[in-house]
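Below: the structure, in structure tokens.
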Amino acid sequence: MALKEFRPLTPSLRFTQLHDFSELTPNSAPERSLMEIKRRTGGRNAHGRTTSRHRGGGHKKQFRIIEWNRRKRTTSGKVIGIQYDPNRSARIALIDYGSKEKAYILAPEGLKVGGTVSAGPKVPAEVGNALPLRVIPQGLPLHNIEMVPGRGAQMVRSAGAAAICTAIDKDYALVRLPSGELRRLHADCYATVGQVGNVAHEKVSLGKAGRARWLGRRPHTRGMVMNPVDHPMGGGQGKSKGGGGRQHPVSPWGQLAKGLKTRHRHKTSSRFIVEDRRKKRSS
């Protein structure tokens, strides 16, 4: 896909880069049977207290039901449309399995209308097909990867993402994730061949604050411009870094903002991480 650029007629248009949506299928309406109401919380919990800041507003959305586990293992489906999904960065493909049964999957790069996709241990390793990791040739780009066999895809689902299976060792496969992490997964976990589409998503520049509000993103005020009563880093004479002192950047509630490890130290799945995404410096 390509990006749409604008002549710098206004300050906001000078650096604006947006999707041109040329990869979407014209006149392809969303499948009503695969849509649900999406209730918005504005970042509030059940008590009405804000638990996620800088969220709220934005355009109404409806949730598209994505088939993460590819239940149809014996039937090939035909791609009848590439559509926009307001709930994710990737595009979605509408698949027709016949007998009035349809499903949404993530649209990988290169999948076209009229093509066919299928799932199973004996299908060819082509773009859009889902296979167990043990039968996929090593080195192919993969996405939509399961962490537990049968649970459905949980990893590598955002626009432009791709992982690579580097080795198969008995019942486990070594997979290099987009973050650089090397993780051991059961070889019976399913993965889809190909790179997630909409690769240019990371180059989009909204251009103006209003477009962020349309997406439901509220303004983010820096702590250092607040008063000391509102933020630990506020206050100081002039533009002071950290409220007059040089303390480490923190949240309004004092939690360290940089370098704090938030992963549980004894998390069960840690034993499957062969190489951490943060490369340790050699001394």
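Convention: chains lettered A, B, ... in structure tokens order; per-chain residue numbering from 1; ligands numbered from 1 as shown.
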Q: Report the residues of region 115-274 of chain A whose backbone DSSP state falls under helix (DSSP H, G or I), written as a PyMOL selection string.
A: chain A and resi 133-135+199-203+209-214+223-225+268-272
Q.
I'd like the contact shell of region 8-23 of chain A - 7 Å cut-off, only C-alpha atoms, skipping same-chain residues fewer than 4 positions apart - returned as JSON, numbers by chain.
A. {"A": [1, 2, 3, 4, 204, 205, 206, 207, 208]}
So that I have them on file, write out the residues from the current selection with N, CA and C atoms, as a PDB file, in the first residue's frame.
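Contents of result_17.pdb, as written:
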```pdb
ATOM      1  N   MET A   1       0.841  -1.182   0.000  1.00  0.00           N
ATOM      2  CA  MET A   1       0.000   0.000   0.000  1.00  0.00           C
ATOM      3  C   MET A   1       0.875   1.229   0.000  1.00  0.00           C
ATOM      4  N   ALA A   2       0.330   2.342  -0.393  1.00  0.00           N
ATOM      5  CA  ALA A   2       1.068   3.598  -0.443  1.00  0.00           C
ATOM      6  C   ALA A   2       0.453   4.580   0.540  1.00  0.00           C
ATOM      7  N   LEU A   3       1.213   5.613   0.848  1.00  0.00           N
ATOM      8  CA  LEU A   3       0.735   6.664   1.733  1.00  0.00           C
ATOM      9  C   LEU A   3       0.326   7.878   0.915  1.00  0.00           C
ATOM     10  N   LYS A   4      -0.599   8.611   1.436  1.00  0.00           N
ATOM     11  CA  LYS A   4      -1.098   9.810   0.762  1.00  0.00           C
ATOM     12  C   LYS A   4      -0.462  11.026   1.419  1.00  0.00           C
ATOM     13  N   VAL A 204       2.659   6.448   9.190  1.00  0.00           N
ATOM     14  CA  VAL A 204       1.540   7.387   9.170  1.00  0.00           C
ATOM     15  C   VAL A 204       1.810   8.527  10.149  1.00  0.00           C
ATOM     16  N   SER A 205       1.599   9.764   9.707  1.00  0.00           N
ATOM     17  CA  SER A 205       1.717  10.950  10.551  1.00  0.00           C
ATOM     18  C   SER A 205       0.354  11.638  10.570  1.00  0.00           C
ATOM     19  N   LEU A 206      -0.254  11.718  11.760  1.00  0.00           N
ATOM     20  CA  LEU A 206      -1.617  12.233  11.856  1.00  0.00           C
ATOM     21  C   LEU A 206      -1.717  13.692  11.448  1.00  0.00           C
ATOM     22  N   GLY A 207      -0.687  14.478  11.713  1.00  0.00           N
ATOM     23  CA  GLY A 207      -0.660  15.851  11.229  1.00  0.00           C
ATOM     24  C   GLY A 207      -1.293  16.874  12.148  1.00  0.00           C
ATOM     25  N   LYS A 208      -2.342  16.499  12.873  1.00  0.00           N
ATOM     26  CA  LYS A 208      -2.999  17.468  13.739  1.00  0.00           C
ATOM     27  C   LYS A 208      -3.601  16.743  14.946  1.00  0.00           C
TER      28      LYS A 208
END
```
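Minimum distance to Tyr84 (chain A) across A:Arg213, A:Arg64, A:Lys241, A:Arg53 (counting only C-alpha atoms) occurs at A:Arg64.
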Q | Shell of 10 Å around Glu67 (chain A), only C-alpha atoms, local chain residues under 6 positions omitted, as a PyMOL selection string | A | chain A and resi 34+102-106+152-153
Just to be explicit: take each residue in the selection above, keep N, CA and C atoms, and write the result as a compact mmCIF listing (two decimals), in the first residue's frame.
```txt
# COMPACT_ATOMS: atom_id res chain seq x y z
N LEU A 34 -20.87 -10.88 11.47
CA LEU A 34 -19.57 -10.99 12.15
C LEU A 34 -19.22 -9.71 12.89
N LYS A 102 -19.17 -17.56 6.60
CA LYS A 102 -18.09 -16.63 6.35
C LYS A 102 -17.29 -16.39 7.63
N ALA A 103 -16.08 -15.85 7.46
CA ALA A 103 -15.22 -15.56 8.62
C ALA A 103 -14.25 -14.46 8.25
N TYR A 104 -13.76 -13.77 9.27
CA TYR A 104 -12.72 -12.76 9.10
C TYR A 104 -11.38 -13.32 9.57
N ILE A 105 -10.33 -13.05 8.82
CA ILE A 105 -8.97 -13.34 9.26
C ILE A 105 -8.13 -12.09 9.01
N LEU A 106 -6.94 -12.03 9.61
CA LEU A 106 -6.03 -10.94 9.31
C LEU A 106 -5.54 -11.08 7.87
N GLY A 152 -5.87 -20.50 19.93
CA GLY A 152 -6.06 -19.40 19.00
C GLY A 152 -4.84 -18.49 19.01
N ALA A 153 -4.66 -17.76 17.94
CA ALA A 153 -3.47 -16.93 17.79
C ALA A 153 -3.46 -15.81 18.81
```
Q) Which residues in region 10-222 of chain A does DSSP call strand (DSSP E)? List them as an NGL selection string. A) :A and (17-19 or 35-37 or 62-64 or 77-83 or 92-96 or 102-106 or 116-117 or 130-132 or 141-143 or 145-146 or 153-155 or 163-169 or 172-176 or 182-186 or 190-193)
Which residues of region 11-89 of chain A sit at most 12 Å from region 215-221 of chain A, using only C-alpha atoms? Give each one's shortest atom pair and distance in Å (one decimal place), in chain and ascending residue order, as CSV.
```
residue,atom,partner,partner_atom,distance
A:Arg40,CA,A:Gly216,CA,9.8
A:Thr41,CA,A:Gly216,CA,10.8
A:Gly42,CA,A:Gly216,CA,8.4
A:Gly43,CA,A:Gly216,CA,10.3
A:Ser52,CA,A:Arg218,CA,11.0
A:Arg53,CA,A:Arg218,CA,8.2
A:His54,CA,A:Arg218,CA,4.5
A:Arg55,CA,A:Arg217,CA,5.1
A:Gly56,CA,A:Gly216,CA,5.1
A:Gly57,CA,A:Gly216,CA,4.9
A:Gly58,CA,A:Gly216,CA,3.9
A:His59,CA,A:Leu215,CA,6.6
A:Lys60,CA,A:Gly216,CA,9.4
A:Lys61,CA,A:Leu215,CA,10.0
A:Pro86,CA,A:Leu215,CA,8.9
A:Asn87,CA,A:Leu215,CA,9.9
A:Arg88,CA,A:Leu215,CA,11.3
A:Ser89,CA,A:Leu215,CA,11.9
```
Keeping only N, CA and C atoms, write the selected residues to a file as a CSV table (one decimal), in the first residue's frame.
```csv
chain,number,residue,atom,x,y,z
A,40,ARG,N,-17.6,1.4,24.9
A,40,ARG,CA,-16.4,2.2,25.3
A,40,ARG,C,-16.4,2.5,26.7
A,41,THR,N,-15.3,2.5,27.4
A,41,THR,CA,-15.1,2.8,28.8
A,41,THR,C,-14.5,4.1,29.1
A,42,GLY,N,-13.9,4.8,28.1
A,42,GLY,CA,-13.2,6.0,28.4
A,42,GLY,C,-12.0,5.9,29.4
A,43,GLY,N,-11.5,4.6,29.5
A,43,GLY,CA,-10.4,4.4,30.4
A,43,GLY,C,-10.9,4.2,31.9
A,52,SER,N,-6.9,4.0,32.9
A,52,SER,CA,-6.0,4.2,31.8
A,52,SER,C,-6.2,5.7,31.3
A,53,ARG,N,-5.2,6.5,31.5
A,53,ARG,CA,-5.3,7.9,31.2
A,53,ARG,C,-5.2,8.1,29.7
A,54,HIS,N,-5.7,9.3,29.3
A,54,HIS,CA,-5.6,9.8,27.9
A,54,HIS,C,-6.4,9.0,26.9
A,55,ARG,N,-7.5,8.5,27.4
A,55,ARG,CA,-8.5,7.8,26.6
A,55,ARG,C,-9.9,8.4,26.7
A,56,GLY,N,-10.6,8.4,25.6
A,56,GLY,CA,-12.0,8.9,25.7
A,56,GLY,C,-12.4,9.6,24.4
A,57,GLY,N,-13.7,9.7,24.1
A,57,GLY,CA,-14.1,10.3,22.9
A,57,GLY,C,-13.9,9.4,21.7
A,58,GLY,N,-13.8,10.0,20.5
A,58,GLY,CA,-13.5,9.3,19.3
A,58,GLY,C,-14.8,8.9,18.6
A,59,HIS,N,-14.6,8.4,17.4
A,59,HIS,CA,-15.7,7.9,16.6
A,59,HIS,C,-16.3,6.6,17.1
A,60,LYS,N,-17.5,6.3,16.9
A,60,LYS,CA,-18.1,5.0,17.3
A,60,LYS,C,-17.5,3.9,16.4
A,61,LYS,N,-17.4,2.8,17.1
A,61,LYS,CA,-16.8,1.6,16.3
A,61,LYS,C,-17.7,0.4,16.6
A,86,PRO,N,-11.5,-0.8,12.2
A,86,PRO,CA,-11.2,0.4,13.1
A,86,PRO,C,-10.6,0.0,14.4
A,87,ASN,N,-10.6,-1.3,14.7
A,87,ASN,CA,-10.1,-1.8,16.0
A,87,ASN,C,-8.7,-2.3,16.0
A,88,ARG,N,-8.0,-2.2,14.9
A,88,ARG,CA,-6.7,-2.8,14.8
A,88,ARG,C,-5.9,-2.1,13.7
A,89,SER,N,-4.6,-2.2,13.7
A,89,SER,CA,-3.8,-1.6,12.7
A,89,SER,C,-3.8,-2.4,11.4
```
Q: Counting only C-alpha atoms, figure out which residue out of A:Arg183, A:Arg73, A:Arg7, A:Arg134 gets nearest to Phe272 (chain A).
A: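 Nearest to Phe272 (chain A): A:Arg183.
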Q) Which is closer to Leu133 (chain A) than all the others in A:His264, A:Arg157, A:Lys170, A:Lys112, using only C-alpha atoms? A)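 When distances to Leu133 (chain A) are compared using only C-alpha atoms, the smallest one comes from A:Lys170.
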(Q) Would you pick out the contacts of Phe63 (chain A) at 8 Å or less, using only C-alpha atoms, so that residues sharing its chain but fewer than 5 positions from it are not included, and give the list as a list in words? (A) Met35, Glu36, Ile37, Lys38 and Asn87 of chain A
Q.
Need to verify the contact set: Val148 (chain A), 10 Å, only C-alpha atoms, exclusion of same-chain residues closer than 3 positions in sequence. Can you return it as JSON, numbers by chain?
A. {"A": [145, 151, 152, 153, 154, 185, 186, 187, 188, 189, 190]}
Q: Considering only C-alpha atoms, return as a list in words whatever protein or nucleic-acid residues lie within 9 Å of Thr74 (chain A), sequence-local ones (same chain, fewer than 5 positions apart) excluded.
A: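 So the residues in contact are Ser118, Ala119 and Gly120 of chain A.
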Selected residues, N, CA and C atoms, written as a compact mmCIF listing (two decimals), in the first residue's frame, please.
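Contents of again-v3.txt, freshly written:
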```
# COMPACT_ATOMS: atom_id res chain seq x y z
N SER A 118 -6.50 -21.88 3.36
CA SER A 118 -6.91 -23.11 4.02
C SER A 118 -6.02 -23.33 5.24
N ALA A 119 -6.39 -24.28 6.06
CA ALA A 119 -5.66 -24.57 7.29
C ALA A 119 -5.59 -26.08 7.48
N GLY A 120 -4.48 -26.54 8.04
CA GLY A 120 -4.31 -27.96 8.31
C GLY A 120 -2.86 -28.36 8.18
```
Q: Check the smallest atom-to-atom distance from each of A:Val117, A:Met233, A:Gln247, A:Lys100 to Ser76 (chain A) using only C-alpha atoms, then report the winner.
A: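 Going through A:Val117, A:Met233, A:Gln247, A:Lys100 one by one, the smallest distance to Ser76 (chain A) is for A:Val117.
Remark: for Thr25 (chain A), the closest of the candidate residues A:Gln195, A:Arg263, A:Val79, A:Pro178 is A:Val79 (distances computed over only C-alpha atoms).
Coordinates place CA of Arg176 (chain A) at a distance of 10.3 Å from CA of Ile273 (chain A).
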Q: Check the smallest atom-to-atom distance from each of A:Ala125, A:Ile92, A:Leu142, A:Met147 to Ser269 (chain A) using only C-alpha atoms, then report the winner.
A: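 Among A:Ala125, A:Ile92, A:Leu142, A:Met147, it is A:Met147 that comes nearest to Ser269 (chain A).
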Q: Quick one: everything within 7 Å of Gly160 (chain A), counting only C-alpha atoms, minus sequence neighbours fewer than 4 positions away in the same chain. Send it as a PyMOL selection string.
A: chain A and resi 195-199
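Of note, CA of Asn69 (chain A) and CA of Glu181 (chain A) are spaced 23.2 Å apart.
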